[in-house]
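For reference, the structure is listed below as structure tokens.
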Protein chains: 2
Amino acid sequence: MDNNLLDVKAKFIRGFSDKTRLQILHSIQDKELTVSQIVEELKGNQSNISQHLACLKGCGIIVGRQEGKYMYYSLRNKQIKQLLIMMDVVFNQVEEEVAACDKNDQLDCCRREA
Amino acid sequence: MDNNLLDVKAKFIRGFSDKTRLQILHSIQDKELTVSQIVEELKGNQSNISQHLACLKGCGIIVGRQEGKYMYYSLRNKQIKQLLIMMDVVFNQVEEEVAACDKNDQLDCCRREA
DNA sequence: ATAACATATTAGCGTTTGCTGATATGTGTG
DNA sequence: CACACATATCAGCAAACGCTAATATGTTAT
């Protein structure tokens with residue numbers, strides 16, 4: 001794969017790799033929501049959520065649709081939803097596997113502090 | 001979802017969100033490889049690759065198997081491979097979609113410098 | 001035009017990340 | 001044992017990230 005494309009792909013995936021963004025994605029998994037609705041749902045900070053939305057949009061993961069003074073966000077397409085579901089499934093699987101089999105092979109990515 | 005579990009899930013996904021790690025995963029997608037084989041294949045730095053392997057292992061994405069003085073790494077299970085493939089497919093789709101339809105909605109995640 | 005609301009953007013910060021180079025650990029071999 | 005080789009870990013640094021608070025932009029209603 002083209003070297004630069006690989007960078008873009010990494011950035012694409014990084015879009016999914018944050019707790020707040022995962023929460024946002026979950027909240028709009030099946031319905032469009034307004035920024036303020038998302039802020040409300042996550043009990044988050046407006047600026048913070050807005051930045052994460054910009055990130056997700058920049059990654060191609062979500063799309064925005066302006067309607068009046070509201071901005072509605074939703075997943076870009078069905079495949080993104082499927083990917084989210086699959087990430088979930090595989091993650092849960094791995095979690096179980098790790099918990100059940102390898103007591104010494106804990107999930108604790110990179111330099112995760114205690 | 002439990003708040004902490006969501007953090008772990010984010011870390012899990014973060015495992016996939018780096019160019020070098022994507023390259024490593026690609027190189028061991030269908031076969032086990034030794035650290036030095038991976039270093040060779042990516043033309044990378046041994047320390048660097050080793051750290052990325054530790055990260056991938058900590059994320060539960062890959063597993064290591066020692067054999068003599070060699071350490072063989074491979075994907076943890078078939079589902080990880082499927083997830084990788086699906087990430088690929090969805091990413092390519094999004095890329096096309098963005099390139100074809102929304103000239104103004106460029107893929108350029110978060111604060112990606114020029 | 002002004003006011004009120006919804007969202008985006010900016011600045012500054014502390015933390016985390018990824019890299020390199022040096023060093024440590026581990027494993028087989030003479 | 002000493003030695004070579006394979007891998008892991010550490011230290012230090014620069015860049016990227018995520019957060020908050022403040023401010024700017026945009027949209028509707030009065």
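Following the order of the structure tokens, first chain is A, next is B, and so on, with residues numbered from 1 inside each chain and ligands from 1 in the order they appear.
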Closest atom pairs, chain D residues within 9 Å of chain A, only C-alpha atoms (C1' of nucleotides), as JSON lines:
```
{"residue": "D:DG18", "atom": "C1'", "partner": "A:Asn48", "partner_atom": "CA", "distance": 8.3}
{"residue": "D:DC19", "atom": "C1'", "partner": "A:Asn48", "partner_atom": "CA", "distance": 7.1}
{"residue": "D:DT20", "atom": "C1'", "partner": "A:Asn48", "partner_atom": "CA", "distance": 8.3}
{"residue": "D:DG26", "atom": "C1'", "partner": "A:Lys69", "partner_atom": "CA", "distance": 7.8}
{"residue": "D:DT27", "atom": "C1'", "partner": "A:Lys69", "partner_atom": "CA", "distance": 4.9}
{"residue": "D:DT28", "atom": "C1'", "partner": "A:Lys69", "partner_atom": "CA", "distance": 7.1}
```
Residues from last step as file, C-alpha atoms (C1' of nucleotides), as an mmCIF file, in the first residue's frame:
```
data_model
loop_
_atom_site.group_PDB
_atom_site.id
_atom_site.type_symbol
_atom_site.label_atom_id
_atom_site.label_comp_id
_atom_site.auth_asym_id
_atom_site.auth_seq_id
_atom_site.Cartn_x
_atom_site.Cartn_y
_atom_site.Cartn_z
ATOM 1 C "C1'" DG D 18 -7.214 15.954 24.667
ATOM 2 C "C1'" DC D 19 -8.899 19.183 27.835
ATOM 3 C "C1'" DT D 20 -10.759 23.734 29.466
ATOM 4 C "C1'" DG D 26 -23.680 31.575 12.215
ATOM 5 C "C1'" DT D 27 -28.769 31.262 12.519
ATOM 6 C "C1'" DT D 28 -33.353 32.508 14.068
#
```
Residue list for chain C near chain A as a compact mmCIF listing (two decimals) with N, CA, C and O atoms (P, O5', C5', C4', C3', O3' and C1' of nucleotides), in the first residue's frame, 12 Å, only C-alpha atoms (C1' of nucleotides):
```txt
# COMPACT_ATOMS: atom_id res chain seq x y z
P DA C 4 -30.86 38.53 25.45
O5' DA C 4 -31.06 37.12 24.74
C5' DA C 4 -32.33 36.78 24.19
C4' DA C 4 -32.23 35.41 23.56
C3' DA C 4 -31.40 34.42 24.39
O3' DA C 4 -32.02 33.15 24.37
C1' DA C 4 -30.50 34.61 22.22
P DC C 5 -31.53 32.03 25.38
O5' DC C 5 -31.07 30.85 24.40
C5' DC C 5 -31.93 30.47 23.34
C4' DC C 5 -31.08 29.97 22.19
C3' DC C 5 -30.14 28.81 22.56
O3' DC C 5 -30.58 27.67 21.84
C1' DC C 5 -29.12 30.38 21.11
P DA C 6 -29.86 26.27 22.13
O5' DA C 6 -28.91 26.14 20.86
C5' DA C 6 -29.47 26.04 19.56
C4' DA C 6 -28.35 25.74 18.58
C3' DA C 6 -27.41 24.62 19.04
O3' DA C 6 -27.20 23.73 17.95
C1' DA C 6 -26.19 26.60 18.62
P DT C 7 -26.27 22.47 18.12
O5' DT C 7 -24.89 23.09 17.65
C5' DT C 7 -24.76 23.50 16.29
C4' DT C 7 -23.44 24.15 16.07
C3' DT C 7 -22.22 23.26 16.32
O3' DT C 7 -21.67 22.97 15.05
C1' DT C 7 -21.89 25.48 17.10
P DA C 8 -20.29 22.20 14.90
O5' DA C 8 -19.21 23.39 14.81
C5' DA C 8 -19.44 24.46 13.91
C4' DA C 8 -18.27 25.43 13.94
C3' DA C 8 -16.90 24.77 13.90
O3' DA C 8 -16.12 25.48 12.95
C1' DA C 8 -17.05 26.19 15.79
P DT C 9 -14.64 25.06 12.60
O5' DT C 9 -13.77 26.04 13.51
C5' DT C 9 -13.97 27.44 13.37
C4' DT C 9 -13.09 28.16 14.37
C3' DT C 9 -11.65 27.65 14.41
O3' DT C 9 -10.82 28.78 14.22
C1' DT C 9 -12.54 27.85 16.59
P DT C 10 -9.28 28.66 13.93
O5' DT C 10 -8.64 29.24 15.27
C5' DT C 10 -9.11 30.50 15.78
C4' DT C 10 -8.62 30.68 17.21
C3' DT C 10 -7.15 30.29 17.40
O3' DT C 10 -6.44 31.46 17.76
C1' DT C 10 -8.56 29.46 19.14
P DT C 15 0.50 16.54 33.88
O5' DT C 15 0.11 15.51 32.73
C5' DT C 15 -1.25 15.42 32.31
C4' DT C 15 -1.34 14.46 31.14
C3' DT C 15 -0.46 13.20 31.27
O3' DT C 15 -1.29 12.09 31.00
C1' DT C 15 -0.05 14.30 29.21
P DT C 16 -0.72 10.60 31.07
O5' DT C 16 -0.51 10.28 29.52
C5' DT C 16 -1.60 10.49 28.65
C4' DT C 16 -1.17 10.26 27.23
C3' DT C 16 -0.41 8.94 27.00
O3' DT C 16 -1.05 8.30 25.92
C1' DT C 16 0.78 10.75 26.06
P DT C 17 -0.58 6.88 25.40
O5' DT C 17 0.30 7.28 24.13
C5' DT C 17 -0.32 7.98 23.06
C4' DT C 17 0.72 8.35 22.02
C3' DT C 17 1.55 7.17 21.53
O3' DT C 17 1.25 6.98 20.15
C1' DT C 17 2.91 9.08 22.03
P DG C 18 1.79 5.71 19.38
O5' DG C 18 3.20 6.21 18.84
C5' DG C 18 3.27 7.21 17.84
C4' DG C 18 4.73 7.48 17.51
C3' DG C 18 5.56 6.23 17.22
O3' DG C 18 6.30 6.47 16.04
C1' DG C 18 6.58 7.49 18.94
```
Kindly indicate which residue among A:Glu96, A:Asp7, A:Glu32, A:Glu41 lies nearest to chain B, using only C-alpha atoms for the distances.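 Ranking A:Glu96, A:Asp7, A:Glu32, A:Glu41 by distance to chain B, first place goes to A:Asp7.
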Pull out every residue of chain A that has at least one atom within 6 Å of chain B, counting only C-alpha atoms, and report them as a ChimeraX atom specification. /A:6-7,10-11,13-14,17-19,55,58-60,107-110
With only C-alpha atoms as the basis for distance, which of B:Lys43, B:Ile24, B:Gln29, B:Gln37 is at the shortest distance from Leu75 in chain B? B:Gln29
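If you look at CA of Ser74 in chain B and CA of Lys31 in chain B, they are 6.6 Å away from each other.
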